[in-house]
Amino acid sequence: MNIALLGYGRMGKSIEAIALNRNHNFTIKATSSTTTFDFSETDVAIDFSIPSTAVNNIKRAIDAGTPVISGTTGWLEHYDEVLEYCKSNNGTFLYASNFSLGVNIFFEINARLSQLMASVEGYSTEIEEIHHTQKLDAPSGTAITLAEQIIENTNYKGWTLDKPNSDELHIEAKRIPEVPGTHEITYNSEIDSISIKHTAHSRQGFALGAVIAAEWIKDKKGIFSMKDVLNIG
């Protein structure tokens, strides 16, 4: 498979190493300063760029008829716009806030736990996420996904990084050197606490999941998620 790598930072290089080990090739290795994109020999594009370039990267791939997956976060105010662009141009797109296979299982556990806790009185909920200091956005896209799942199933009306109101879910975002990613959800009451936690030991899990998603989406049409890739949910 021929891959266009849109974003050649730390994650891009991890994806490159895994893809090469799985006998894939690269047609593009774009950085934030790349202006010319030739998708003519490309089977799938993988976008792990930066928020300011992600939307244009995705649209370029769609314009070329190339399936594109994106793991870039911090641009989601344009998410609906990108979905409409993909639909109107008969494109192929998959976005995931986190491509780790373990995290996507964690999402399913979080959704189910929040459904169970919704009927129990006396618990407050909080999310803590920890990432490396080079991560540009806070909270992480993964934390936002977790928060949205909890909000969907409970009485919380939204999330906040600040001191929360009674109807807001608090996310504490920490940035510590060399931490790939940790997410913990805690339900606290006066009598006990319930926590679930995912800890990434390296970026390899994110990179592997992205390559698996790219392999899966090749030759498909439409808008997909990691649930489709893993056949879960």
# chains A, B, ... in the order shown; residues from 1 in each chain; ligands from 1

call {"tool": "select_by_dssp", "arguments": {"residues": "region 76-205 of chain A", "states": "strand (DSSP E or B)", "output": "mmCIF file with N, CA, C and O atoms, in the first residue's frame"}}
result
data_model
loop_
_atom_site.group_PDB
_atom_site.id
_atom_site.type_symbol
_atom_site.label_atom_id
_atom_site.label_comp_id
_atom_site.auth_asym_id
_atom_site.auth_seq_id
_atom_site.Cartn_x
_atom_site.Cartn_y
_atom_site.Cartn_z
ATOM 1 N N THR A 92 -13.758 9.749 1.165
ATOM 2 C CA THR A 92 -13.608 8.734 2.207
ATOM 3 C C THR A 92 -12.805 9.337 3.351
ATOM 4 O O THR A 92 -11.692 9.827 3.144
ATOM 5 N N PHE A 93 -13.384 9.294 4.557
ATOM 6 C CA PHE A 93 -12.754 9.979 5.690
ATOM 7 C C PHE A 93 -13.008 9.213 6.975
ATOM 8 O O PHE A 93 -14.103 8.685 7.194
ATOM 9 N N LEU A 94 -11.983 9.166 7.813
ATOM 10 C CA LEU A 94 -12.108 8.585 9.144
ATOM 11 C C LEU A 94 -11.337 9.472 10.113
ATOM 12 O O LEU A 94 -10.148 9.718 9.913
ATOM 13 N N TYR A 95 -12.023 9.953 11.133
ATOM 14 C CA TYR A 95 -11.355 10.706 12.195
ATOM 15 C C TYR A 95 -11.417 9.913 13.489
ATOM 16 O O TYR A 95 -12.446 9.307 13.810
ATOM 17 N N SER A 124 -20.063 12.436 41.928
ATOM 18 C CA SER A 124 -19.570 13.450 41.005
ATOM 19 C C SER A 124 -18.503 12.804 40.129
ATOM 20 O O SER A 124 -17.886 11.803 40.518
ATOM 21 N N THR A 125 -18.282 13.382 38.962
ATOM 22 C CA THR A 125 -17.387 12.766 37.986
ATOM 23 C C THR A 125 -16.307 13.752 37.574
ATOM 24 O O THR A 125 -16.572 14.950 37.438
ATOM 25 N N GLU A 126 -15.107 13.252 37.382
ATOM 26 C CA GLU A 126 -14.031 14.097 36.870
ATOM 27 C C GLU A 126 -13.111 13.271 35.965
ATOM 28 O O GLU A 126 -13.046 12.045 36.075
ATOM 29 N N ILE A 127 -12.444 13.987 35.067
ATOM 30 C CA ILE A 127 -11.494 13.369 34.140
ATOM 31 C C ILE A 127 -10.135 14.010 34.347
ATOM 32 O O ILE A 127 -10.026 15.235 34.445
ATOM 33 N N GLU A 128 -9.111 13.182 34.395
ATOM 34 C CA GLU A 128 -7.729 13.683 34.400
ATOM 35 C C GLU A 128 -7.015 13.131 33.181
ATOM 36 O O GLU A 128 -7.103 11.935 32.902
ATOM 37 N N GLU A 129 -6.356 14.013 32.433
ATOM 38 C CA GLU A 129 -5.536 13.556 31.311
ATOM 39 C C GLU A 129 -4.149 14.154 31.423
ATOM 40 O O GLU A 129 -3.983 15.306 31.820
ATOM 41 N N ILE A 130 -3.146 13.333 31.096
ATOM 42 C CA ILE A 130 -1.744 13.746 31.174
ATOM 43 C C ILE A 130 -1.079 13.442 29.840
ATOM 44 O O ILE A 130 -1.197 12.330 29.324
ATOM 45 N N HIS A 131 -0.405 14.439 29.260
ATOM 46 C CA HIS A 131 0.323 14.258 28.014
ATOM 47 C C HIS A 131 1.677 14.955 28.084
ATOM 48 O O HIS A 131 1.957 15.731 29.000
ATOM 49 N N GLY A 158 -22.073 20.025 29.998
ATOM 50 C CA GLY A 158 -20.869 20.353 29.252
ATOM 51 C C GLY A 158 -19.643 20.052 30.087
ATOM 52 O O GLY A 158 -19.747 19.549 31.210
ATOM 53 N N TRP A 159 -18.454 20.339 29.528
ATOM 54 C CA TRP A 159 -17.215 20.117 30.266
ATOM 55 C C TRP A 159 -16.447 21.432 30.383
ATOM 56 O O TRP A 159 -16.671 22.365 29.611
ATOM 57 N N THR A 160 -15.535 21.487 31.340
ATOM 58 C CA THR A 160 -14.743 22.701 31.544
ATOM 59 C C THR A 160 -13.373 22.348 32.104
ATOM 60 O O THR A 160 -13.219 21.349 32.820
ATOM 61 N N GLU A 168 -21.416 20.922 35.190
ATOM 62 C CA GLU A 168 -20.260 20.836 34.298
ATOM 63 C C GLU A 168 -19.314 19.730 34.743
ATOM 64 O O GLU A 168 -19.068 19.542 35.937
ATOM 65 N N LEU A 169 -18.785 19.015 33.789
ATOM 66 C CA LEU A 169 -17.819 17.949 34.033
ATOM 67 C C LEU A 169 -16.420 18.541 33.989
ATOM 68 O O LEU A 169 -16.039 19.168 32.995
ATOM 69 N N HIS A 170 -15.662 18.357 35.056
ATOM 70 C CA HIS A 170 -14.319 18.950 35.109
ATOM 71 C C HIS A 170 -13.288 18.039 34.463
ATOM 72 O O HIS A 170 -13.247 16.833 34.728
ATOM 73 N N ILE A 171 -12.475 18.614 33.577
ATOM 74 C CA ILE A 171 -11.317 17.934 33.000
ATOM 75 C C ILE A 171 -10.063 18.629 33.503
ATOM 76 O O ILE A 171 -9.906 19.839 33.336
ATOM 77 N N GLU A 172 -9.186 17.876 34.117
ATOM 78 C CA GLU A 172 -7.880 18.410 34.523
ATOM 79 C C GLU A 172 -6.839 17.945 33.509
ATOM 80 O O GLU A 172 -6.612 16.747 33.344
ATOM 81 N N ALA A 173 -6.238 18.903 32.809
ATOM 82 C CA ALA A 173 -5.251 18.597 31.768
ATOM 83 C C ALA A 173 -3.857 18.931 32.284
ATOM 84 O O ALA A 173 -3.572 20.090 32.595
ATOM 85 N N LYS A 174 -3.003 17.933 32.360
ATOM 86 C CA LYS A 174 -1.632 18.116 32.829
ATOM 87 C C LYS A 174 -0.658 17.859 31.685
ATOM 88 O O LYS A 174 -0.899 16.991 30.844
ATOM 89 N N ARG A 175 0.431 18.598 31.662
ATOM 90 C CA ARG A 175 1.473 18.409 30.651
ATOM 91 C C ARG A 175 2.804 18.154 31.358
ATOM 92 O O ARG A 175 3.306 19.006 32.089
ATOM 93 N N GLY A 181 0.520 9.463 27.105
ATOM 94 C CA GLY A 181 -0.901 9.726 27.275
ATOM 95 C C GLY A 181 -1.519 8.875 28.367
ATOM 96 O O GLY A 181 -1.413 7.645 28.339
ATOM 97 N N THR A 182 -2.155 9.534 29.346
ATOM 98 C CA THR A 182 -2.856 8.844 30.417
ATOM 99 C C THR A 182 -4.220 9.505 30.588
ATOM 100 O O THR A 182 -4.321 10.731 30.596
ATOM 101 N N HIS A 183 -5.277 8.686 30.711
ATOM 102 C CA HIS A 183 -6.627 9.202 30.905
ATOM 103 C C HIS A 183 -7.304 8.409 32.016
ATOM 104 O O HIS A 183 -7.295 7.172 31.985
ATOM 105 N N GLU A 184 -7.868 9.121 32.971
ATOM 106 C CA GLU A 184 -8.539 8.470 34.093
ATOM 107 C C GLU A 184 -9.868 9.163 34.361
ATOM 108 O O GLU A 184 -9.949 10.381 34.412
ATOM 109 N N ILE A 185 -10.918 8.374 34.515
ATOM 110 C CA ILE A 185 -12.237 8.874 34.879
ATOM 111 C C ILE A 185 -12.549 8.368 36.275
ATOM 112 O O ILE A 185 -12.406 7.171 36.560
ATOM 113 N N THR A 186 -12.972 9.285 37.153
ATOM 114 C CA THR A 186 -13.258 8.915 38.534
ATOM 115 C C THR A 186 -14.649 9.385 38.924
ATOM 116 O O THR A 186 -15.026 10.535 38.662
ATOM 117 N N TYR A 187 -15.399 8.496 39.541
ATOM 118 C CA TYR A 187 -16.695 8.810 40.136
ATOM 119 C C TYR A 187 -16.500 8.809 41.652
ATOM 120 O O TYR A 187 -16.146 7.780 42.237
ATOM 121 N N ASN A 188 -16.738 9.956 42.287
ATOM 122 C CA ASN A 188 -16.518 10.103 43.720
ATOM 123 C C ASN A 188 -17.827 10.305 44.468
ATOM 124 O O ASN A 188 -18.709 11.055 44.020
ATOM 125 N N SER A 193 -15.171 5.509 45.802
ATOM 126 C CA SER A 193 -14.789 6.042 44.499
ATOM 127 C C SER A 193 -14.672 4.888 43.507
ATOM 128 O O SER A 193 -14.270 3.777 43.877
ATOM 129 N N ILE A 194 -15.009 5.162 42.256
ATOM 130 C CA ILE A 194 -14.860 4.188 41.171
ATOM 131 C C ILE A 194 -14.037 4.855 40.079
ATOM 132 O O ILE A 194 -14.362 5.970 39.649
ATOM 133 N N SER A 195 -12.961 4.185 39.624
ATOM 134 C CA SER A 195 -12.093 4.772 38.608
ATOM 135 C C SER A 195 -11.816 3.768 37.501
ATOM 136 O O SER A 195 -11.695 2.562 37.751
ATOM 137 N N ILE A 196 -11.700 4.279 36.293
ATOM 138 C CA ILE A 196 -11.154 3.509 35.177
ATOM 139 C C ILE A 196 -10.029 4.334 34.561
ATOM 140 O O ILE A 196 -10.086 5.565 34.535
ATOM 141 N N LYS A 197 -9.005 3.651 34.074
ATOM 142 C CA LYS A 197 -7.804 4.364 33.648
ATOM 143 C C LYS A 197 -7.142 3.652 32.480
ATOM 144 O O LYS A 197 -7.077 2.425 32.453
ATOM 145 N N HIS A 198 -6.683 4.451 31.518
ATOM 146 C CA HIS A 198 -5.868 3.918 30.424
ATOM 147 C C HIS A 198 -4.533 4.649 30.426
ATOM 148 O O HIS A 198 -4.487 5.881 30.439
ATOM 149 N N THR A 199 -3.455 3.886 30.390
ATOM 150 C CA THR A 199 -2.107 4.450 30.359
ATOM 151 C C THR A 199 -1.369 3.918 29.150
ATOM 152 O O THR A 199 -1.205 2.705 28.986
ATOM 153 N N ALA A 200 -0.954 4.822 28.276
ATOM 154 C CA ALA A 200 -0.139 4.434 27.118
ATOM 155 C C ALA A 200 1.321 4.381 27.550
ATOM 156 O O ALA A 200 1.812 5.297 28.214
#

call {"tool": "select_by_dssp", "arguments": {"residues": "chain A", "states": "helix (DSSP H, G or I)", "output": "JSON, numbers by chain"}}
result
{"A": [10, 11, 12, 13, 14, 15, 16, 17, 18, 19, 20, 21, 51, 52, 53, 54, 55, 56, 57, 58, 59, 60, 61, 62, 63, 76, 77, 78, 79, 80, 81, 82, 83, 84, 85, 86, 87, 88, 101, 102, 103, 104, 105, 106, 107, 108, 109, 110, 111, 112, 113, 114, 115, 116, 117, 141, 142, 143, 144, 145, 146, 147, 148, 149, 150, 151, 152, 153, 204, 205, 206, 207, 208, 209, 210, 211, 212, 213, 214, 215, 216, 217, 226, 227, 228, 229, 230]}

call {"tool": "atom_distance", "arguments": {"atom1": "CA of Ile46 (chain A)", "atom2": "CA of Ala143 (chain A)"}}
result
21.7 Å

call {"tool": "atom_distance", "arguments": {"atom1": "CA of Met1 (chain A)", "atom2": "CA of His24 (chain A)"}}
result
5.0 Å

call {"tool": "closest_residue", "arguments": {"among": "A:Ile62, A:Ala111, A:Ala213, A:Ala30", "to": "Gly9 (chain A)", "atoms": "only C-alpha atoms"}}
result
A:Ala30

call {"tool": "residues_around", "arguments": {"residues": "Ile217 (chain A)", "least_positions_apart": "6", "cutoff": "10 Å", "atoms": "only C-alpha atoms", "output": "list in words"}}
result
Asp43, Val44, Pro67, Val68, Ile69, Thr92, Phe93, Leu94, Val211, Ile223, Phe224, Ser225, Asp228 and Val229 of chain A

call {"tool": "closest_residue", "arguments": {"among": "A:Thr133, A:Leu230, A:Thr53, A:Ile212", "to": "Pro177 (chain A)", "atoms": "only C-alpha atoms"}}
result
A:Thr133

call {"tool": "closest_residue", "arguments": {"among": "A:Leu5, A:Ile150, A:Ile50, A:Cys86", "to": "Gly65 (chain A)", "atoms": "only C-alpha atoms"}}
result
A:Cys86

call {"tool": "atom_distance", "arguments": {"atom1": "CA of Thr73 (chain A)", "atom2": "CA of Gln115 (chain A)"}}
result
26.2 Å

call {"tool": "closest_residue", "arguments": {"among": "A:Gln149, A:Ala138, A:Ser88, A:Ala214", "to": "Glu108 (chain A)", "atoms": "only C-alpha atoms"}}
result
A:Gln149

call {"tool": "residues_around", "arguments": {"residues": "Val55 (chain A)", "least_positions_apart": "4", "cutoff": "8 Å", "atoms": "only C-alpha atoms", "output": "list in words"}}
result
Pro51, Lys59, Trp75, His78 and Val82 of chain A
